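This is final_31.cif (mmCIF, C-alpha atoms).
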```
data_target
loop_
_atom_site.group_PDB
_atom_site.id
_atom_site.type_symbol
_atom_site.label_atom_id
_atom_site.label_comp_id
_atom_site.auth_asym_id
_atom_site.auth_seq_id
_atom_site.Cartn_x
_atom_site.Cartn_y
_atom_site.Cartn_z
ATOM 1 C CA MET A 51 2.768 0.564 3.804
ATOM 2 C CA GLU A 52 3.153 -3.180 3.289
ATOM 3 C CA GLU A 53 1.189 -5.528 1.359
ATOM 4 C CA SER A 54 -1.098 -6.496 -1.244
ATOM 5 C CA LEU A 55 0.579 -5.845 -4.573
ATOM 6 C CA TRP A 56 1.323 -9.056 -6.391
ATOM 7 C CA CYS A 57 3.852 -9.624 -9.095
ATOM 8 C CA GLY A 58 5.181 -12.881 -10.416
ATOM 9 C CA LYS A 59 2.061 -14.984 -9.781
ATOM 10 C CA ALA A 60 -1.566 -14.532 -8.903
ATOM 11 C CA PRO A 61 -2.733 -14.825 -5.303
ATOM 12 C CA GLU A 62 -3.341 -18.380 -4.156
ATOM 13 C CA GLY A 63 -6.794 -19.553 -5.136
ATOM 14 C CA ALA A 64 -7.235 -17.115 -8.021
ATOM 15 C CA GLN A 65 -7.065 -19.978 -10.498
ATOM 16 C CA HIS A 66 -10.173 -21.510 -8.916
ATOM 17 C CA VAL A 67 -12.465 -18.562 -9.595
ATOM 18 C CA VAL A 68 -15.248 -19.759 -11.853
ATOM 19 C CA GLY A 69 -16.976 -17.255 -14.088
ATOM 20 C CA PRO A 70 -20.079 -17.716 -16.203
ATOM 21 C CA GLY A 71 -19.749 -20.186 -19.030
ATOM 22 C CA GLY A 72 -18.870 -23.495 -17.340
ATOM 23 C CA PRO A 73 -15.768 -25.688 -17.681
ATOM 24 C CA ARG A 74 -14.703 -24.468 -21.132
ATOM 25 C CA LYS A 75 -14.734 -20.863 -19.984
ATOM 26 C CA LEU A 76 -12.969 -21.801 -16.759
ATOM 27 C CA GLN A 77 -10.222 -23.495 -18.762
ATOM 28 C CA HIS A 78 -9.894 -20.363 -20.900
ATOM 29 C CA GLN A 79 -9.637 -18.213 -17.759
ATOM 30 C CA GLN A 80 -6.994 -20.494 -16.289
ATOM 31 C CA GLU A 81 -4.967 -20.409 -19.504
ATOM 32 C CA GLN A 82 -5.133 -16.614 -19.632
ATOM 33 C CA GLN A 83 -4.181 -16.327 -15.945
ATOM 34 C CA GLN A 84 -1.239 -18.707 -16.419
ATOM 35 C CA HIS A 85 -0.188 -16.771 -19.504
ATOM 36 C CA TRP A 86 -0.150 -13.563 -17.470
ATOM 37 C CA ASN A 87 1.699 -15.225 -14.599
ATOM 38 C CA ASP A 88 4.382 -16.350 -17.074
ATOM 39 C CA ILE A 89 4.807 -12.794 -18.337
ATOM 40 C CA LEU A 90 5.079 -11.313 -14.851
ATOM 41 C CA SER A 91 7.414 -14.011 -13.555
ATOM 42 C CA ASN A 92 10.019 -13.287 -16.229
ATOM 43 C CA GLY A 93 12.946 -12.023 -14.187
ATOM 44 C CA LYS A 94 14.126 -9.681 -16.954
ATOM 45 C CA SER A 95 11.901 -6.635 -16.644
ATOM 46 C CA ASN A 96 11.568 -5.587 -20.224
ATOM 47 C CA PHE A 97 8.942 -3.468 -21.866
ATOM 48 C CA LYS A 98 8.471 -6.230 -24.451
ATOM 49 C CA GLN A 99 6.807 -8.195 -21.666
ATOM 50 C CA PHE A 100 3.736 -6.041 -22.194
ATOM 51 C CA ARG A 101 3.222 -6.702 -25.898
ATOM 52 C CA PHE A 102 0.366 -9.047 -24.864
ATOM 53 C CA GLU A 103 -1.127 -6.444 -22.561
ATOM 54 C CA ASP A 104 -4.182 -5.605 -24.667
ATOM 55 C CA ALA A 105 -4.881 -9.275 -25.383
ATOM 56 C CA ALA A 106 -4.689 -10.136 -21.682
ATOM 57 C CA ILE A 107 -7.092 -7.364 -20.730
ATOM 58 C CA MET A 108 -9.509 -8.246 -23.533
ATOM 59 C CA ALA A 109 -9.520 -11.917 -22.506
ATOM 60 C CA ALA A 110 -10.233 -10.976 -18.896
ATOM 61 C CA ARG A 111 -13.128 -8.751 -19.900
ATOM 62 C CA GLU A 112 -14.552 -11.362 -22.253
ATOM 63 C CA SER A 113 -14.478 -13.915 -19.429
ATOM 64 C CA GLY A 114 -17.043 -11.870 -17.529
ATOM 65 C CA ASN A 115 -15.062 -12.456 -14.350
ATOM 66 C CA SER A 116 -14.338 -9.136 -12.650
ATOM 67 C CA GLU A 117 -11.986 -10.727 -10.116
ATOM 68 C CA ILE A 118 -9.615 -11.995 -12.800
ATOM 69 C CA GLU A 119 -9.838 -8.661 -14.625
ATOM 70 C CA ALA A 120 -8.942 -6.815 -11.415
ATOM 71 C CA LEU A 121 -6.026 -9.194 -10.779
ATOM 72 C CA ILE A 122 -4.608 -8.424 -14.199
ATOM 73 C CA MET A 123 -4.998 -4.670 -13.648
ATOM 74 C CA LYS A 124 -3.195 -4.919 -10.305
ATOM 75 C CA GLY A 125 -0.484 -7.021 -11.886
ATOM 76 C CA LEU A 126 0.006 -4.475 -14.645
ATOM 77 C CA ALA A 127 0.215 -1.674 -12.075
ATOM 78 C CA ALA A 128 2.833 -3.602 -10.103
ATOM 79 C CA ALA A 129 4.854 -4.437 -13.200
ATOM 80 C CA TYR A 130 4.824 -0.865 -14.480
ATOM 81 C CA SER A 131 5.883 0.254 -11.007
ATOM 82 C CA GLY A 132 8.957 -1.924 -11.384
ATOM 83 C CA LEU A 133 9.708 -0.203 -14.666
ATOM 84 C CA GLY A 134 9.225 3.253 -13.173
ATOM 85 C CA LEU A 135 6.347 4.061 -15.561
ATOM 86 C CA HIS A 136 4.225 5.910 -13.042
ATOM 87 C CA ASP A 137 1.484 7.150 -15.368
ATOM 88 C CA LYS A 138 0.695 3.597 -16.488
ATOM 89 C CA MET A 139 0.923 2.367 -12.904
ATOM 90 C CA VAL A 140 -1.702 4.898 -11.793
ATOM 91 C CA GLU A 141 -3.878 4.145 -14.816
ATOM 92 C CA TYR A 142 -4.123 0.422 -14.089
ATOM 93 C CA GLU A 143 -4.493 0.745 -10.330
ATOM 94 C CA GLU A 144 -7.330 3.247 -10.859
ATOM 95 C CA GLN A 145 -8.942 0.712 -13.215
ATOM 96 C CA ALA A 146 -8.601 -1.991 -10.552
ATOM 97 C CA LEU A 147 -10.342 0.347 -8.106
ATOM 98 C CA LYS A 148 -13.164 0.988 -10.570
ATOM 99 C CA ILE A 149 -13.665 -2.752 -11.138
ATOM 100 C CA ALA A 150 -13.789 -3.425 -7.389
ATOM 101 C CA ARG A 151 -16.437 -0.740 -6.940
ATOM 102 C CA GLN A 152 -18.540 -2.003 -9.831
ATOM 103 C CA ALA A 153 -18.369 -5.547 -8.436
ATOM 104 C CA GLY A 154 -19.309 -4.359 -4.942
ATOM 105 C CA ASP A 155 -16.103 -5.893 -3.559
ATOM 106 C CA ILE A 156 -15.557 -3.488 -0.690
ATOM 107 C CA GLU A 157 -12.450 -5.193 0.722
ATOM 108 C CA SER A 158 -10.683 -5.095 -2.658
ATOM 109 C CA GLU A 159 -11.774 -1.477 -3.000
ATOM 110 C CA GLY A 160 -10.113 -0.670 0.318
ATOM 111 C CA ARG A 161 -6.890 -2.471 -0.615
ATOM 112 C CA SER A 162 -6.765 -0.722 -3.979
ATOM 113 C CA LEU A 163 -7.226 2.639 -2.256
ATOM 114 C CA CYS A 164 -4.341 1.789 0.092
ATOM 115 C CA ARG A 165 -2.095 1.033 -2.871
ATOM 116 C CA LEU A 166 -3.156 4.237 -4.614
ATOM 117 C CA ALA A 167 -2.357 6.226 -1.471
ATOM 118 C CA ASN A 168 1.191 4.841 -1.620
ATOM 119 C CA ILE A 169 1.491 5.486 -5.343
ATOM 120 C CA TYR A 170 0.283 9.086 -5.116
ATOM 121 C CA ARG A 171 2.520 9.664 -2.095
ATOM 122 C CA ASP A 172 5.530 8.532 -4.134
ATOM 123 C CA LEU A 173 4.396 10.854 -6.935
ATOM 124 C CA GLN A 174 4.200 13.682 -4.356
ATOM 125 C CA ASN A 175 0.489 14.156 -5.014
ATOM 126 C CA THR A 176 -0.173 14.441 -1.295
ATOM 127 C CA GLU A 177 -3.769 15.645 -1.500
ATOM 128 C CA ARG A 178 -4.869 12.720 -3.674
ATOM 129 C CA ALA A 179 -2.873 10.323 -1.470
ATOM 130 C CA ILE A 180 -4.656 11.579 1.656
ATOM 131 C CA GLU A 181 -8.011 11.335 -0.116
ATOM 132 C CA CYS A 182 -7.357 7.682 -1.001
ATOM 133 C CA ALA A 183 -6.080 6.815 2.475
ATOM 134 C CA GLU A 184 -9.060 8.467 4.188
ATOM 135 C CA SER A 185 -11.477 6.568 1.922
ATOM 136 C CA ALA A 186 -9.650 3.311 2.676
ATOM 137 C CA LEU A 187 -9.834 4.080 6.399
ATOM 138 C CA ASN A 188 -13.618 4.462 6.218
ATOM 139 C CA ILE A 189 -13.851 1.079 4.501
ATOM 140 C CA ALA A 190 -11.520 -0.559 7.054
ATOM 141 C CA LYS A 191 -13.760 0.643 9.881
ATOM 142 C CA ARG A 192 -16.898 -0.591 8.117
ATOM 143 C CA ILE A 193 -15.590 -4.106 7.538
ATOM 144 C CA GLY A 194 -13.622 -4.357 10.784
ATOM 145 C CA ASP A 195 -10.236 -4.856 9.132
ATOM 146 C CA GLY A 196 -7.747 -3.944 11.861
ATOM 147 C CA ASP A 197 -4.672 -4.358 9.676
ATOM 148 C CA MET A 198 -6.026 -2.042 6.982
ATOM 149 C CA GLU A 199 -7.146 0.436 9.634
ATOM 150 C CA HIS A 200 -3.655 0.586 11.169
ATOM 151 C CA GLU A 201 -2.082 0.957 7.719
ATOM 152 C CA CYS A 202 -4.395 3.874 6.916
ATOM 153 C CA TYR A 203 -3.772 5.679 10.195
ATOM 154 C CA PHE A 204 -0.019 5.299 9.678
ATOM 155 C CA THR A 205 -0.166 6.562 6.085
ATOM 156 C CA ILE A 206 -2.443 9.493 6.876
ATOM 157 C CA SER A 207 -0.194 10.544 9.760
ATOM 158 C CA VAL A 208 2.903 10.610 7.544
ATOM 159 C CA LEU A 209 1.091 12.407 4.717
ATOM 160 C CA CYS A 210 -0.504 15.018 6.950
ATOM 161 C CA SER A 211 2.839 15.790 8.595
ATOM 162 C CA SER A 212 4.329 16.550 5.198
ATOM 163 C CA ASN A 213 1.260 18.605 4.243
ATOM 164 C CA GLY A 214 1.247 20.767 7.375
ATOM 165 C CA GLN A 215 -1.893 19.169 8.852
ATOM 166 C CA ILE A 216 -0.194 18.511 12.165
ATOM 167 C CA GLY A 217 -3.345 18.050 14.246
ATOM 168 C CA ARG A 218 -4.605 15.272 11.975
ATOM 169 C CA ALA A 219 -1.107 13.768 11.805
ATOM 170 C CA VAL A 220 -0.889 13.500 15.598
ATOM 171 C CA GLU A 221 -4.441 12.181 15.854
ATOM 172 C CA CYS A 222 -3.799 9.407 13.349
ATOM 173 C CA GLY A 223 -0.367 8.646 14.799
ATOM 174 C CA LYS A 224 -1.933 8.078 18.219
ATOM 175 C CA LYS A 225 -4.658 5.886 16.735
ATOM 176 C CA ALA A 226 -2.039 3.864 14.862
ATOM 177 C CA LEU A 227 -0.180 3.452 18.155
ATOM 178 C CA GLN A 228 -3.351 2.366 19.945
ATOM 179 C CA ARG A 229 -4.152 -0.171 17.223
ATOM 180 C CA ALA A 230 -0.575 -1.546 17.282
ATOM 181 C CA LYS A 231 -0.702 -2.020 21.060
ATOM 182 C CA LEU A 232 -4.053 -3.801 20.810
ATOM 183 C CA GLN A 233 -2.529 -6.126 18.230
ATOM 184 C CA GLY A 234 0.598 -6.630 20.331
ATOM 185 C CA ASN A 235 2.690 -5.712 17.282
ATOM 186 C CA LYS A 236 5.915 -4.120 18.523
ATOM 187 C CA ASP A 237 7.195 -3.242 15.038
ATOM 188 C CA ARG A 238 4.018 -1.343 14.247
ATOM 189 C CA GLU A 239 4.145 0.270 17.673
ATOM 190 C CA GLY A 240 7.623 1.548 16.902
ATOM 191 C CA SER A 241 6.518 2.888 13.525
ATOM 192 C CA ALA A 242 3.679 4.761 15.214
ATOM 193 C CA TYR A 243 6.142 6.363 17.635
ATOM 194 C CA GLY A 244 8.138 7.423 14.583
ATOM 195 C CA CYS A 245 5.030 8.987 13.019
ATOM 196 C CA LEU A 246 4.366 10.990 16.159
ATOM 197 C CA GLY A 247 7.981 12.098 16.295
ATOM 198 C CA ILE A 248 7.844 13.298 12.700
ATOM 199 C CA ALA A 249 4.638 15.239 13.377
ATOM 200 C CA CYS A 250 6.233 16.953 16.371
ATOM 201 C CA SER A 251 9.369 17.790 14.396
ATOM 202 C CA CYS A 252 7.258 19.334 11.628
ATOM 203 C CA SER A 253 5.523 21.547 14.188
ATOM 204 C CA GLY A 254 8.814 22.603 15.778
ATOM 205 C CA GLU A 255 8.288 20.568 18.970
ATOM 206 C CA HIS A 256 11.735 19.000 18.814
ATOM 207 C CA GLU A 257 11.943 18.027 22.478
ATOM 208 C CA GLN A 258 8.720 16.025 22.260
ATOM 209 C CA ALA A 259 9.864 14.624 18.913
ATOM 210 C CA ALA A 260 13.033 13.317 20.579
ATOM 211 C CA LYS A 261 10.940 11.575 23.251
ATOM 212 C CA TRP A 262 8.841 9.799 20.616
ATOM 213 C CA HIS A 263 11.916 8.784 18.665
ATOM 214 C CA GLU A 264 13.535 7.403 21.827
ATOM 215 C CA LYS A 265 10.506 5.117 22.128
ATOM 216 C CA PHE A 266 10.816 4.238 18.438
ATOM 217 C CA LEU A 267 14.450 3.285 19.014
ATOM 218 C CA SER A 268 13.594 1.237 22.094
ATOM 219 C CA ALA A 269 10.893 -0.709 20.218
ATOM 220 C CA ALA A 270 13.266 -1.389 17.315
ATOM 221 C CA GLN A 271 15.960 -2.664 19.666
ATOM 222 C CA GLU A 272 13.462 -4.874 21.473
ATOM 223 C CA THR A 273 12.439 -6.564 18.221
ATOM 224 C CA GLN A 274 16.025 -6.541 16.889
ATOM 225 C CA ASN A 275 14.812 -4.719 13.783
ATOM 226 C CA LEU A 276 18.081 -3.248 12.526
ATOM 227 C CA SER A 277 16.492 -1.291 9.693
ATOM 228 C CA ALA A 278 14.007 0.376 12.051
ATOM 229 C CA GLU A 279 16.770 0.978 14.581
ATOM 230 C CA ALA A 280 18.861 2.790 11.967
ATOM 231 C CA GLN A 281 15.843 4.878 10.964
ATOM 232 C CA ALA A 282 15.051 5.734 14.598
ATOM 233 C CA ARG A 283 18.648 6.780 15.250
ATOM 234 C CA GLY A 284 18.526 9.031 12.199
ATOM 235 C CA TYR A 285 15.333 10.723 13.381
ATOM 236 C CA LEU A 286 16.666 11.004 16.910
ATOM 237 C CA GLY A 287 19.903 12.560 15.691
ATOM 238 C CA ALA A 288 17.950 15.146 13.706
ATOM 239 C CA ALA A 289 15.834 15.980 16.762
ATOM 240 C CA TYR A 290 18.917 16.386 18.970
ATOM 241 C CA LEU A 291 20.570 18.501 16.309
ATOM 242 C CA SER A 292 17.554 20.816 16.288
ATOM 243 C CA LEU A 293 17.849 21.056 20.079
ATOM 244 C CA GLU A 294 21.641 21.441 19.874
ATOM 245 C CA LYS A 295 21.923 18.388 22.128
ATOM 246 C CA LEU A 296 24.092 16.129 20.085
ATOM 247 C CA PRO A 297 26.030 13.902 22.538
#
```
Exercise: express the given structure as structure tokens:
Amino acid sequence: MEESLWCGKAPEGAQHVVGPGGPRKLQHQQEQQQHWNDILSNGKSNFKQFRFEDAAIMAARESGNSEIEALIMKGLAAAYSGLGLHDKMVEYEEQALKIARQAGDIESEGRSLCRLANIYRDLQNTERAIECAESALNIAKRIGDGDMEHECYFTISVLCSSNGQIGRAVECGKKALQRAKLQGNKDREGSAYGCLGIACSCSGEHEQAAKWHEKFLSAAQETQNLSAEAQARGYLGAAYLSLEKLP
């Protein structure tokens, strides 16, 4: 999954969010946001960077601006991810999700759920990851966000393959493929072929898996995506090995 974590500076336009309290409060918000940007942009990831953590969160909450508070939570989650502190990463991303829900910001809620799906996948909490991705998918459909919808289908397909839910994995892989073709996105199309190949491999259908991975390889070569090409060749080699068809 791509996207939407920020680290180093706030998203463009965040400094223009005006909360209650007028110019003085806006200036305070801007100072706090800049302060946090300075902390996150320090190239030396060091736990001492977070000695202002409580002060930053308190300032955001006092501002009454939920968007700035959520930005800080997401920034903390991203920074702790870089430090490999997964418990803190989950804690702050879950807080960002809660803030989005309380504010009624459904798009931010969906994006936060997408990030949590990735986080829980990396933590091998597959059930919670699927739960987050399915919830994000429902939101993507409601708001008509095609990019988020594709991301969710892709993630759910991968997760369900690893969890033995092959039917759902194939279903979502095909929907990810359909969405990628509608968008004319060849890289995403290739990734969807890879998802379908993985699902078939997990169900023991190695011949069909090889066919999907051949398409993955072809798409990667067409877009000259060397990383995807290497991945496709690896999957294809594994499928041929299972079929005892190594050239």
query: Once the PyMOL selection byres ((chain A and resi 159) around 12) has been applied to the shown file, what residues remain in the selection, as a count of residues only?
result: 37
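Straight-line separation from CA of Ala127 (chain A) to CA of Tyr142 (chain A): 5.2 Å.
Checking A:Leu173, A:Ala242, A:Ala167, A:Leu227 one by one against Leu135 (chain A), counting all atoms listed in the file, you find the shortest gap at A:Leu173.
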query: What lies within 10 Å of region 271-280 of chain A using only C-alpha atoms, ignoring chain neighbours under 5 positions off, as a ChimeraX atom specification?
result: /A:235-237,240-241,244,265-266,285-286
- request: Could you tell me which residues the PyMOL selection byres ((chain A and resi 226) around 7) returns for this structure, as a ChimeraX atom specification?
  value: /A:200,203-204,222-225,227-230,242
field: Contact residues around Gly247 (chain A) with only C-alpha atoms at 12 Å, ignoring same-chain residues under 2 positions, as a PyMOL selection string
entry: chain A and resi 207-208+211+216+219-220+223-224+240-245+249-267+281-289
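Proximity of A:Asp197, A:Gly214, A:Ala128, A:Ile122 to Leu232 (chain A), computed with only C-alpha atoms, is greatest for A:Asp197.
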message: Can you measure CA of Glu181 (chain A) to CA of Ile169 (chain A) for me? One decimal in Å is fine.
response: 12.3 Å
statement: Counting only C-alpha atoms, closest pick from A:Asn213, A:Thr205, A:Ser268, A:Gln233 relative to Gln174 (chain A) is A:Asn213
- request: Figure out the distance between CA of Glu184 (chain A) and CA of Asn168 (chain A), please, to one decimal in Å.
  value: 12.3 Å
Taking all atoms of region 212-231 of chain A that the file lists and extending 6 Å past them on each side, where is the centre of the axis-aligned box and how long are its edges? Answer in Å to one decimal, as AutoDock Vina command-line options.
```
--center_x -0.2 --center_y 9.4 --center_z 12.7 --size_x 21.0 --size_y 34.8 --size_z 28.8
```
